[in-house]
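J.: My questions all concern the structure below.
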Amino acid sequence: MSYLVDSHLHVTMMPYEGLQAMSEGGVKKVINCAIVVSAHHAESYFDHFRLITGFYRKSAEGLGIKLYSTIGVHPAGIPHDWTRVVDTLPEYLKLEGVVGLGEVGMNQGSQLEKDVLKAQLEVARDQKVPVIVHIPFENRLQITELTLNIASQVGIPSHLLVIDHTNLDILDKVKQFGAVPAITIRPRNVSLEVLQENINHFKDGMLNCDFSNLFPNDPTAVIKAFNYLKANGVDQAIIDNLTRKRAETVFNI
Ligand SMILES: [Zn+2]
């Protein structure tokens with residue numbers, strides 16, 4: 001085995017042992033997505049960006065993991081002065097190891113959420129970087145359609161649009177748009193069994209654990225998926241694409 005890539009997690013919420021288990025299981029590159037739950041001030045994001053591009057990158061390096069970051073305003077914490085964060089994103093994109101925008105998206109589809117998403121998709125379009133857009137647990141079809149409509153209005157090239165937490169319910173819409181499906185492996189999203197049974201539908205996507213402390217999940221989900229797919233005889237090229245190559249290509253890492 002060469003190594004694995006996890007395309008979405010939140011390192012500031014991880015216990016050290018979580019990152020250690022990922023490293024021991026063969027994960028050597030991760031994409032860390034920005035999130036500041038309940039943020040009220042733009043400064044909360046500025047300090048968070050500093051933390052994920054500095055301190056945590058070094059600590060991951062100590063475990064043999066290259067930590068890349070995406071930056072942006074997460075729907076779980078939209079500061080009152082969010083435009084200040086959006087205006088600064090192009091500057092942060094110049095930092096080494098910052099490979100795109102994320103995690104952005106909507107939970108309810110409110111006007112504020114739509115405005116914040118649209119502004120960030122415009123930055124991704126202008127800066128020509130990939131953007132990781134989250135689809136929530138509830139109202140998934142409605143939020144997916146809204147997201148894709150906003151993406152069309154903005155005119156972002158579809159290959160830069162990563163639709164995360166894709167499951168069978170929205171996969172066709174994501175593919176029709178030409179966006180990149182990202183697949184979160186955990187009981188509330190895609191289980192190992194569902195992944196394997198529908199591997200031909202999922203094969204152009206990229207896997208992640210989306211580790212946070214907001215609900216149950218598993219930092220070793222991508223490792224478990226790799227082993228499960230292999231044990232069930234899935235074509236190695238498909239496994240490599242899902243667990244490494246697709247993310248490396250999309251994020252140019
Ligand atoms: Zn996330």
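In the structure tokens, chains take letters A, B, ... by order of appearance, with residues numbered from 1 within each chain and ligands from 1 in the order shown.
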Give the strand (DSSP E) residues of region 3-249 of chain A, as assigned by DSSP on the backbone, as a ChimeraX atom specification.

T.: /A:4-9,27-33,66-71,98-105,131-134,161-164,180-184,206-208

J.: Taking only C-alpha atoms and all ligand atoms and a cut-off of 12 Å, can you tell me which residues surround ligand 1, written as a ChimeraX atom specification?

T.: /A:6-13,31-37,70-76,102-105,132-137,163-165,182-185,208-215,217

J.: Keeping only C-alpha atoms, take the residues you just selected and write them out as a PDB file, in the first residue's frame.

T.:
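Listed below is the output, again_18.pdb:
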ATOM      1  CA  ASP A   6      -8.471  12.002   3.810  1.00  0.00           C
ATOM      2  CA  SER A   7     -10.239  14.792   1.925  1.00  0.00           C
ATOM      3  CA  HIS A   8     -12.078  16.467   4.836  1.00  0.00           C
ATOM      4  CA  LEU A   9     -11.617  16.677   8.612  1.00  0.00           C
ATOM      5  CA  HIS A  10     -11.405  19.264  11.403  1.00  0.00           C
ATOM      6  CA  VAL A  11      -8.054  18.909  13.119  1.00  0.00           C
ATOM      7  CA  THR A  12      -8.746  21.413  15.908  1.00  0.00           C
ATOM      8  CA  MET A  13     -11.462  19.048  17.199  1.00  0.00           C
ATOM      9  CA  ILE A  31      -7.342  18.293   3.976  1.00  0.00           C
ATOM     10  CA  ASN A  32      -8.303  20.244   7.053  1.00  0.00           C
ATOM     11  CA  CYS A  33     -11.484  22.302   6.582  1.00  0.00           C
ATOM     12  CA  ALA A  34     -12.067  25.529   8.479  1.00  0.00           C
ATOM     13  CA  ILE A  35     -14.887  25.671  11.032  1.00  0.00           C
ATOM     14  CA  VAL A  36     -15.551  28.015  13.949  1.00  0.00           C
ATOM     15  CA  VAL A  37     -18.801  26.938  15.583  1.00  0.00           C
ATOM     16  CA  THR A  70      -9.064  24.942   3.111  1.00  0.00           C
ATOM     17  CA  ILE A  71     -10.400  28.233   4.451  1.00  0.00           C
ATOM     18  CA  GLY A  72     -13.767  29.920   4.554  1.00  0.00           C
ATOM     19  CA  VAL A  73     -16.828  30.752   6.625  1.00  0.00           C
ATOM     20  CA  HIS A  74     -18.653  27.615   7.805  1.00  0.00           C
ATOM     21  CA  PRO A  75     -22.468  27.779   8.088  1.00  0.00           C
ATOM     22  CA  ALA A  76     -22.228  26.651  11.739  1.00  0.00           C
ATOM     23  CA  GLY A 102     -14.099  25.152   2.696  1.00  0.00           C
ATOM     24  CA  GLU A 103     -16.005  24.142   4.482  1.00  0.00           C
ATOM     25  CA  VAL A 104     -18.761  26.388   3.192  1.00  0.00           C
ATOM     26  CA  GLY A 105     -22.435  25.754   2.438  1.00  0.00           C
ATOM     27  CA  ILE A 132     -15.721  22.177  -0.475  1.00  0.00           C
ATOM     28  CA  VAL A 133     -19.463  22.739  -0.049  1.00  0.00           C
ATOM     29  CA  HIS A 134     -21.307  20.897   2.695  1.00  0.00           C
ATOM     30  CA  ILE A 135     -24.769  19.366   2.337  1.00  0.00           C
ATOM     31  CA  PRO A 136     -26.543  19.015   5.724  1.00  0.00           C
ATOM     32  CA  PHE A 137     -28.340  15.993   7.201  1.00  0.00           C
ATOM     33  CA  ILE A 163     -20.125  18.617  -3.001  1.00  0.00           C
ATOM     34  CA  ASP A 164     -19.466  16.988   0.337  1.00  0.00           C
ATOM     35  CA  HIS A 165     -21.491  14.431   2.301  1.00  0.00           C
ATOM     36  CA  ALA A 182     -17.011  13.831  -1.748  1.00  0.00           C
ATOM     37  CA  ILE A 183     -18.213  10.944   0.383  1.00  0.00           C
ATOM     38  CA  THR A 184     -18.194  10.928   4.162  1.00  0.00           C
ATOM     39  CA  ILE A 185     -17.854   7.470   5.683  1.00  0.00           C
ATOM     40  CA  ASN A 208     -13.284  11.437   4.021  1.00  0.00           C
ATOM     41  CA  CYS A 209     -14.058  10.993   7.723  1.00  0.00           C
ATOM     42  CA  ASP A 210     -15.153  14.625   8.389  1.00  0.00           C
ATOM     43  CA  PHE A 211     -13.941  14.166  11.951  1.00  0.00           C
ATOM     44  CA  SER A 212     -15.427  16.660  14.399  1.00  0.00           C
ATOM     45  CA  ASN A 213     -16.768  16.456  17.926  1.00  0.00           C
ATOM     46  CA  LEU A 214     -20.293  17.468  16.856  1.00  0.00           C
ATOM     47  CA  PHE A 215     -21.643  13.918  16.424  1.00  0.00           C
ATOM     48  CA  ASN A 217     -17.631   9.685  13.662  1.00  0.00           C
TER      49      ASN A 217
END

J.: As a compact mmCIF listing (two decimals) with N, CA, C and O atoms, in the first residue's frame, please: the residues near region 191-207 of chain A (cut-off 10 Å, only C-alpha atoms, same-chain neighbours under 3 positions excluded).

T.:
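What ended up in part_15.txt:
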# COMPACT_ATOMS: atom_id res chain seq x y z
N LEU A 4 -2.75 6.85 2.01
CA LEU A 4 -4.14 7.29 1.83
C LEU A 4 -4.23 8.80 2.05
O LEU A 4 -3.39 9.39 2.72
N VAL A 5 -5.28 9.38 1.47
CA VAL A 5 -5.56 10.80 1.65
C VAL A 5 -6.98 10.94 2.22
O VAL A 5 -7.91 10.33 1.69
N ASP A 6 -7.14 11.70 3.27
CA ASP A 6 -8.47 12.00 3.81
C ASP A 6 -8.84 13.41 3.36
O ASP A 6 -8.14 14.38 3.68
N SER A 7 -9.94 13.53 2.62
CA SER A 7 -10.24 14.79 1.93
C SER A 7 -11.02 15.81 2.76
O SER A 7 -11.36 16.88 2.25
N HIS A 8 -11.31 15.50 4.03
CA HIS A 8 -12.08 16.47 4.84
C HIS A 8 -12.09 16.04 6.30
O HIS A 8 -12.62 14.99 6.64
N VAL A 162 -16.73 20.94 -5.11
CA VAL A 162 -16.75 19.66 -4.39
C VAL A 162 -18.00 19.65 -3.53
O VAL A 162 -18.16 20.49 -2.65
N ILE A 163 -18.90 18.72 -3.81
CA ILE A 163 -20.13 18.62 -3.00
C ILE A 163 -19.91 17.52 -1.97
O ILE A 163 -19.79 16.33 -2.32
N ASP A 164 -19.84 17.94 -0.71
CA ASP A 164 -19.47 16.99 0.34
C ASP A 164 -20.68 16.42 1.06
O ASP A 164 -21.75 17.02 1.08
N HIS A 165 -20.45 15.24 1.66
CA HIS A 165 -21.49 14.43 2.30
C HIS A 165 -22.49 13.95 1.25
O HIS A 165 -23.68 13.80 1.51
N THR A 166 -21.98 13.73 0.02
CA THR A 166 -22.84 13.16 -1.03
C THR A 166 -23.22 11.74 -0.64
O THR A 166 -22.40 10.97 -0.14
N ASN A 167 -24.50 11.43 -0.86
CA ASN A 167 -24.98 10.05 -0.69
C ASN A 167 -25.80 9.73 -1.93
O ASN A 167 -25.93 10.57 -2.83
N LEU A 168 -26.38 8.53 -1.97
CA LEU A 168 -27.12 8.10 -3.17
C LEU A 168 -28.27 9.06 -3.48
O LEU A 168 -28.66 9.21 -4.64
N LEU A 171 -26.51 12.01 -5.45
CA LEU A 171 -25.35 11.71 -6.29
C LEU A 171 -25.60 12.03 -7.77
O LEU A 171 -24.73 12.60 -8.45
N ASP A 172 -26.79 11.67 -8.30
CA ASP A 172 -27.06 11.93 -9.72
C ASP A 172 -27.04 13.42 -10.03
O ASP A 172 -26.52 13.84 -11.06
N LYS A 175 -23.45 14.63 -10.11
CA LYS A 175 -22.76 14.19 -11.33
C LYS A 175 -23.25 14.93 -12.56
O LYS A 175 -22.45 15.32 -13.42
N ALA A 179 -19.97 18.29 -10.89
CA ALA A 179 -19.22 18.58 -9.66
C ALA A 179 -18.55 17.31 -9.15
O ALA A 179 -18.83 16.21 -9.62
N VAL A 180 -17.66 17.50 -8.19
CA VAL A 180 -16.90 16.37 -7.62
C VAL A 180 -17.62 15.87 -6.38
O VAL A 180 -17.80 16.62 -5.42
N PRO A 181 -18.05 14.60 -6.37
CA PRO A 181 -18.69 14.10 -5.15
C PRO A 181 -17.66 13.73 -4.09
O PRO A 181 -16.72 12.98 -4.35
N ALA A 182 -17.81 14.27 -2.88
CA ALA A 182 -17.01 13.83 -1.75
C ALA A 182 -17.94 13.01 -0.85
O ALA A 182 -19.12 13.35 -0.70
N ILE A 183 -17.39 11.95 -0.30
CA ILE A 183 -18.21 10.94 0.38
C ILE A 183 -17.70 10.75 1.80
O ILE A 183 -16.55 10.38 2.01
N THR A 184 -18.57 11.06 2.76
CA THR A 184 -18.19 10.93 4.16
C THR A 184 -18.61 9.55 4.67
O THR A 184 -19.78 9.16 4.58
N ILE A 185 -17.61 8.83 5.20
CA ILE A 185 -17.85 7.47 5.68
C ILE A 185 -18.16 7.53 7.18
O ILE A 185 -17.28 7.76 8.01
N ARG A 186 -19.44 7.38 7.51
CA ARG A 186 -19.87 7.28 8.91
C ARG A 186 -21.34 6.86 8.89
O ARG A 186 -22.03 7.04 7.88
N PRO A 187 -21.82 6.34 10.01
CA PRO A 187 -23.18 5.79 10.01
C PRO A 187 -24.25 6.76 9.52
O PRO A 187 -25.16 6.36 8.82
N ARG A 188 -24.12 8.04 9.84
CA ARG A 188 -25.17 8.99 9.40
C ARG A 188 -25.03 9.39 7.94
O ARG A 188 -25.89 10.07 7.40
N ASP A 210 -14.55 13.41 7.83
CA ASP A 210 -15.15 14.62 8.39
C ASP A 210 -15.12 14.60 9.91
O ASP A 210 -16.12 14.88 10.57
N ALA A 221 -11.98 6.24 9.36
CA ALA A 221 -13.01 5.77 8.42
C ALA A 221 -12.45 5.48 7.02
O ALA A 221 -12.86 4.50 6.38
N VAL A 222 -11.51 6.31 6.55
CA VAL A 222 -10.98 6.09 5.19
C VAL A 222 -10.12 4.81 5.17
O VAL A 222 -10.15 4.05 4.19
N ILE A 223 -9.40 4.58 6.26
CA ILE A 223 -8.59 3.36 6.36
C ILE A 223 -9.51 2.13 6.35
O ILE A 223 -9.27 1.14 5.65
N LYS A 224 -10.58 2.21 7.14
CA LYS A 224 -11.53 1.09 7.19
C LYS A 224 -12.17 0.86 5.82
O LYS A 224 -12.37 -0.27 5.40
N ALA A 225 -12.48 1.94 5.12
CA ALA A 225 -13.08 1.80 3.79
C ALA A 225 -12.09 1.13 2.84
O ALA A 225 -12.46 0.22 2.09
N PHE A 226 -10.83 1.57 2.89
CA PHE A 226 -9.79 0.96 2.04
C PHE A 226 -9.75 -0.55 2.28
O PHE A 226 -9.80 -1.35 1.34
N ASN A 227 -9.68 -0.94 3.54
CA ASN A 227 -9.57 -2.37 3.88
C ASN A 227 -10.84 -3.14 3.52
O ASN A 227 -10.77 -4.27 3.02
N TYR A 228 -11.97 -2.53 3.74
CA TYR A 228 -13.25 -3.20 3.46
C TYR A 228 -13.42 -3.43 1.96
O TYR A 228 -13.82 -4.52 1.52
N LEU A 229 -13.12 -2.40 1.17
CA LEU A 229 -13.28 -2.53 -0.28
C LEU A 229 -12.32 -3.58 -0.83
O LEU A 229 -12.67 -4.39 -1.68
N LYS A 230 -11.10 -3.58 -0.30
CA LYS A 230 -10.09 -4.56 -0.73
C LYS A 230 -10.54 -5.98 -0.38
O LYS A 230 -10.47 -6.88 -1.21
N ASN A 232 -13.42 -7.04 -0.10
CA ASN A 232 -14.58 -7.44 -0.89
C ASN A 232 -14.29 -7.47 -2.39
O ASN A 232 -15.21 -7.51 -3.21
N GLY A 233 -13.01 -7.42 -2.73
CA GLY A 233 -12.61 -7.65 -4.12
C GLY A 233 -12.84 -6.49 -5.07
O GLY A 233 -12.88 -6.68 -6.29
N VAL A 234 -13.00 -5.28 -4.56
CA VAL A 234 -13.18 -4.12 -5.44
C VAL A 234 -11.85 -3.84 -6.18
O VAL A 234 -10.77 -3.98 -5.60
N ASP A 235 -11.97 -3.47 -7.43
CA ASP A 235 -10.82 -3.15 -8.29
C ASP A 235 -9.88 -2.15 -7.58
O ASP A 235 -10.32 -1.10 -7.10
N ALA A 237 -7.78 -0.08 -8.70
CA ALA A 237 -7.73 1.26 -9.29
C ALA A 237 -8.86 2.13 -8.74
O ALA A 237 -8.69 3.34 -8.50
N ILE A 238 -10.02 1.54 -8.51
CA ILE A 238 -11.15 2.28 -7.95
C ILE A 238 -10.86 2.66 -6.50
O ILE A 238 -11.09 3.80 -6.08
N ILE A 239 -10.30 1.72 -5.75
CA ILE A 239 -9.97 2.00 -4.34
C ILE A 239 -8.95 3.14 -4.26
O ILE A 239 -9.09 4.07 -3.47
N ASP A 240 -7.91 3.07 -5.10
CA ASP A 240 -6.86 4.10 -5.09
C ASP A 240 -7.43 5.48 -5.45
O ASP A 240 -7.02 6.49 -4.89
N ASN A 241 -8.36 5.47 -6.41
CA ASN A 241 -8.98 6.74 -6.79
C ASN A 241 -9.74 7.36 -5.62
O ASN A 241 -9.57 8.53 -5.30
N LEU A 242 -10.55 6.55 -4.96
CA LEU A 242 -11.40 7.04 -3.86
C LEU A 242 -10.58 7.46 -2.64
O LEU A 242 -10.96 8.40 -1.93
N THR A 243 -9.50 6.75 -2.39
CA THR A 243 -8.77 6.96 -1.13
C THR A 243 -7.48 7.76 -1.31
O THR A 243 -6.76 7.96 -0.34
N ARG A 244 -7.20 8.21 -2.52
CA ARG A 244 -6.00 9.01 -2.71
C ARG A 244 -6.05 9.89 -3.94
O ARG A 244 -6.01 11.12 -3.84
N LYS A 245 -6.16 9.26 -5.13
CA LYS A 245 -5.87 9.98 -6.36
C LYS A 245 -6.82 11.13 -6.66
O LYS A 245 -6.40 12.19 -7.13
N ARG A 246 -8.11 10.90 -6.41
CA ARG A 246 -9.08 11.94 -6.76
C ARG A 246 -8.80 13.22 -5.96
O ARG A 246 -8.80 14.32 -6.51
N ALA A 247 -8.54 13.07 -4.68
CA ALA A 247 -8.25 14.24 -3.84
C ALA A 247 -6.95 14.90 -4.28
O ALA A 247 -6.86 16.14 -4.32
N GLU A 248 -5.95 14.09 -4.62
CA GLU A 248 -4.67 14.68 -5.04
C GLU A 248 -4.84 15.50 -6.32
O GLU A 248 -4.21 16.55 -6.47
N VAL A 250 -7.80 16.89 -7.53
CA VAL A 250 -8.69 18.05 -7.35
C VAL A 250 -7.97 19.18 -6.60
O VAL A 250 -8.09 20.35 -6.95

J.: Tell me, as a list in words, which residues lie within 9 Å of Leu146 (chain A), counting only C-alpha atoms; anything in the same chain fewer than 5 positions away does not count.

T.: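 Residues near the query, excluding close chain neighbours: Gly109, Lys114, Leu141 and Ala151 of chain A.
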
J.: Show me, as a VMD selection string, the residues that have an atom within 12 Å of Lys94 (chain A) when counting only C-alpha atoms, minus same-chain residues fewer than 6 positions from it.

T.: chain A and resid 53 69 to 71 88 100 127 129

J.: Using the selection just defined, write its residues with N, CA, C and O atoms as a PDB file, in the first residue's frame.

T.:
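Below is the file that was written, again-v6.pdb:
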ATOM      1  N   THR A  53      -3.055  26.680   9.791  1.00  0.00           N
ATOM      2  CA  THR A  53      -1.946  26.742   8.830  1.00  0.00           C
ATOM      3  C   THR A  53      -0.592  26.780   9.550  1.00  0.00           C
ATOM      4  O   THR A  53       0.448  26.754   8.902  1.00  0.00           O
ATOM      5  N   SER A  69      -4.810  22.815   4.150  1.00  0.00           N
ATOM      6  CA  SER A  69      -6.003  23.462   4.691  1.00  0.00           C
ATOM      7  C   SER A  69      -6.856  24.089   3.607  1.00  0.00           C
ATOM      8  O   SER A  69      -6.338  24.564   2.587  1.00  0.00           O
ATOM      9  N   THR A  70      -8.158  24.086   3.869  1.00  0.00           N
ATOM     10  CA  THR A  70      -9.064  24.942   3.111  1.00  0.00           C
ATOM     11  C   THR A  70      -9.629  25.957   4.103  1.00  0.00           C
ATOM     12  O   THR A  70      -9.726  25.686   5.295  1.00  0.00           O
ATOM     13  N   ILE A  71      -9.978  27.128   3.587  1.00  0.00           N
ATOM     14  CA  ILE A  71     -10.400  28.233   4.451  1.00  0.00           C
ATOM     15  C   ILE A  71     -11.754  28.752   3.994  1.00  0.00           C
ATOM     16  O   ILE A  71     -12.126  28.600   2.828  1.00  0.00           O
ATOM     17  N   THR A  88     -10.805  38.773   2.849  1.00  0.00           N
ATOM     18  CA  THR A  88      -9.414  38.419   3.147  1.00  0.00           C
ATOM     19  C   THR A  88      -9.013  37.051   2.584  1.00  0.00           C
ATOM     20  O   THR A  88      -7.832  36.701   2.587  1.00  0.00           O
ATOM     21  N   GLY A 100      -7.584  25.596  -1.093  1.00  0.00           N
ATOM     22  CA  GLY A 100      -8.924  25.881  -1.599  1.00  0.00           C
ATOM     23  C   GLY A 100      -9.781  26.507  -0.524  1.00  0.00           C
ATOM     24  O   GLY A 100      -9.279  26.927   0.527  1.00  0.00           O
ATOM     25  N   GLN A 127     -10.368  33.037  -8.004  1.00  0.00           N
ATOM     26  CA  GLN A 127      -9.020  32.570  -7.629  1.00  0.00           C
ATOM     27  C   GLN A 127      -8.690  31.212  -8.254  1.00  0.00           C
ATOM     28  O   GLN A 127      -7.594  30.692  -8.064  1.00  0.00           O
ATOM     29  N   VAL A 129      -9.743  28.139  -7.490  1.00  0.00           N
ATOM     30  CA  VAL A 129      -9.406  27.105  -6.503  1.00  0.00           C
ATOM     31  C   VAL A 129     -10.648  26.250  -6.219  1.00  0.00           C
ATOM     32  O   VAL A 129     -11.778  26.729  -6.346  1.00  0.00           O
TER      33      VAL A 129
END

J.: Quick one, how far is CA of Asn139 (chain A) from CA of Val190 (chain A)?

T.: 16.7 Å

J.: If you measure from CA of Gln176 (chain A) to CA of Tyr68 (chain A), what distance in Å do you get, rounded to one decimal?

T.: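 That distance, rounded to one decimal, is 28.6 Å.
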
J.: Report the residues of region 110-178 of chain A whose backbone DSSP state falls under helix (DSSP H, G or I), written as a PyMOL selection string.

T.: chain A and resi 111-127+140-154+158-160+168-177

J.: Dump N, CA and C atoms for the selected residues as a compact mmCIF listing (two decimals), in the first residue's frame?

T.:
# COMPACT_ATOMS: atom_id res chain seq x y z
N GLN A 111 -31.52 33.43 3.75
CA GLN A 111 -30.94 34.45 2.87
C GLN A 111 -29.48 34.72 3.25
N LEU A 112 -29.20 34.78 4.56
CA LEU A 112 -27.82 35.02 4.99
C LEU A 112 -26.91 33.89 4.48
N GLU A 113 -27.34 32.65 4.68
CA GLU A 113 -26.51 31.52 4.21
C GLU A 113 -26.29 31.58 2.70
N LYS A 114 -27.34 31.94 1.97
CA LYS A 114 -27.20 32.04 0.50
C LYS A 114 -26.17 33.11 0.13
N ASP A 115 -26.25 34.25 0.81
CA ASP A 115 -25.34 35.37 0.51
C ASP A 115 -23.88 34.98 0.80
N VAL A 116 -23.68 34.31 1.94
CA VAL A 116 -22.31 33.93 2.34
C VAL A 116 -21.76 32.89 1.36
N LEU A 117 -22.60 31.94 0.98
CA LEU A 117 -22.14 30.91 0.03
C LEU A 117 -21.80 31.54 -1.31
N LYS A 118 -22.70 32.39 -1.81
CA LYS A 118 -22.49 33.00 -3.13
C LYS A 118 -21.18 33.78 -3.16
N ALA A 119 -20.96 34.58 -2.12
CA ALA A 119 -19.74 35.40 -2.06
C ALA A 119 -18.49 34.52 -2.08
N GLN A 120 -18.56 33.37 -1.40
CA GLN A 120 -17.38 32.50 -1.34
C GLN A 120 -17.19 31.71 -2.64
N LEU A 121 -18.28 31.35 -3.30
CA LEU A 121 -18.15 30.69 -4.61
C LEU A 121 -17.54 31.66 -5.62
N GLU A 122 -17.85 32.95 -5.48
CA GLU A 122 -17.26 33.95 -6.37
C GLU A 122 -15.73 34.04 -6.15
N VAL A 123 -15.33 33.96 -4.89
CA VAL A 123 -13.88 33.97 -4.60
C VAL A 123 -13.22 32.74 -5.23
N ALA A 124 -13.84 31.58 -5.06
CA ALA A 124 -13.26 30.34 -5.62
C ALA A 124 -13.16 30.44 -7.15
N ARG A 125 -14.22 30.98 -7.76
CA ARG A 125 -14.21 31.17 -9.23
C ARG A 125 -13.07 32.10 -9.65
N ASP A 126 -12.97 33.25 -8.98
CA ASP A 126 -11.97 34.25 -9.38
C ASP A 126 -10.54 33.77 -9.11
N GLN A 127 -10.37 33.04 -8.00
CA GLN A 127 -9.02 32.57 -7.63
C GLN A 127 -8.69 31.21 -8.25
N ARG A 140 -31.98 17.62 2.35
CA ARG A 140 -30.81 17.46 1.49
C ARG A 140 -31.07 17.79 0.01
N LEU A 141 -32.20 17.34 -0.51
CA LEU A 141 -32.47 17.59 -1.93
C LEU A 141 -32.65 19.08 -2.19
N GLN A 142 -33.41 19.72 -1.30
CA GLN A 142 -33.69 21.15 -1.44
C GLN A 142 -32.39 21.96 -1.35
N ILE A 143 -31.55 21.64 -0.37
CA ILE A 143 -30.30 22.40 -0.19
C ILE A 143 -29.33 22.10 -1.36
N THR A 144 -29.33 20.87 -1.84
CA THR A 144 -28.46 20.56 -2.98
C THR A 144 -28.87 21.36 -4.21
N GLU A 145 -30.18 21.41 -4.48
CA GLU A 145 -30.66 22.16 -5.64
C GLU A 145 -30.33 23.64 -5.50
N LEU A 146 -30.56 24.18 -4.31
CA LEU A 146 -30.23 25.60 -4.06
C LEU A 146 -28.75 25.86 -4.29
N THR A 147 -27.92 24.96 -3.75
CA THR A 147 -26.47 25.11 -3.89
C THR A 147 -26.06 25.10 -5.35
N LEU A 148 -26.58 24.15 -6.12
CA LEU A 148 -26.19 24.04 -7.52
C LEU A 148 -26.73 25.24 -8.32
N ASN A 149 -27.91 25.75 -7.94
CA ASN A 149 -28.43 26.95 -8.61
C ASN A 149 -27.52 28.15 -8.38
N ILE A 150 -27.08 28.31 -7.14
CA ILE A 150 -26.18 29.43 -6.83
C ILE A 150 -24.86 29.25 -7.57
N ALA A 151 -24.37 28.02 -7.61
CA ALA A 151 -23.11 27.75 -8.33
C ALA A 151 -23.26 28.09 -9.82
N SER A 152 -24.42 27.80 -10.41
CA SER A 152 -24.66 28.15 -11.82
C SER A 152 -24.67 29.65 -12.01
N GLN A 153 -25.38 30.34 -11.12
CA GLN A 153 -25.45 31.81 -11.21
C GLN A 153 -24.05 32.42 -11.16
N VAL A 154 -23.22 31.88 -10.26
CA VAL A 154 -21.87 32.41 -10.08
C VAL A 154 -20.99 32.06 -11.29
N SER A 158 -17.40 23.69 -12.99
CA SER A 158 -17.96 22.60 -12.16
C SER A 158 -16.87 21.71 -11.55
N HIS A 159 -15.71 21.62 -12.20
CA HIS A 159 -14.66 20.74 -11.65
C HIS A 159 -14.04 21.32 -10.37
N LEU A 160 -14.33 22.60 -10.08
CA LEU A 160 -13.82 23.20 -8.83
C LEU A 160 -14.81 23.03 -7.68
N LEU A 168 -26.38 8.53 -1.97
CA LEU A 168 -27.12 8.10 -3.17
C LEU A 168 -28.27 9.06 -3.48
N ASP A 169 -28.81 9.73 -2.46
CA ASP A 169 -29.96 10.62 -2.67
C ASP A 169 -29.66 11.80 -3.58
N ILE A 170 -28.42 12.29 -3.57
CA ILE A 170 -28.10 13.49 -4.36
C ILE A 170 -27.01 13.23 -5.41
N LEU A 171 -26.51 12.01 -5.45
CA LEU A 171 -25.35 11.71 -6.29
C LEU A 171 -25.60 12.03 -7.77
N ASP A 172 -26.79 11.67 -8.30
CA ASP A 172 -27.06 11.93 -9.72
C ASP A 172 -27.04 13.42 -10.03
N LYS A 173 -27.61 14.21 -9.13
CA LYS A 173 -27.62 15.68 -9.34
C LYS A 173 -26.20 16.24 -9.36
N VAL A 174 -25.37 15.74 -8.45
CA VAL A 174 -23.98 16.21 -8.35
C VAL A 174 -23.24 15.86 -9.64
N LYS A 175 -23.45 14.63 -10.11
CA LYS A 175 -22.76 14.19 -11.33
C LYS A 175 -23.25 14.93 -12.56
N GLN A 176 -24.57 15.13 -12.64
CA GLN A 176 -25.12 15.86 -13.79
C GLN A 176 -24.52 17.25 -13.89
N PHE A 177 -24.28 17.86 -12.76
CA PHE A 177 -23.71 19.20 -12.73
C PHE A 177 -22.23 19.18 -13.14

J.: When distances are computed from only C-alpha atoms, which of A:Thr220, A:Ser44, A:Gln108, A:Asn252 shows the smallest separation from Ala21 (chain A)?

T.: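 The answer is A:Thr220, which sits nearest to Ala21 (chain A).
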
J.: For CA of Glu96 (chain A) and CA of Phe49 (chain A), determine how far apart the two atoms are, in Å to one decimal place.

T.: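 Spanning CA of Glu96 (chain A) to CA of Phe49 (chain A) is a straight-line distance of 12.3 Å.
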
J.: Between A:Pro219, A:Ile78, A:Arg57, A:Ala39, which one has atoms that come closest to Ser110 (chain A), using only C-alpha atoms?

T.: A:Ile78

J.: Skipping near chain neighbours, those fewer than 5 positions away, what residues fall within 8 Å of Ile65 (chain A) using only C-alpha atoms, listed as an NGL selection string?

T.: :A and (23 or 27-30 or 60)
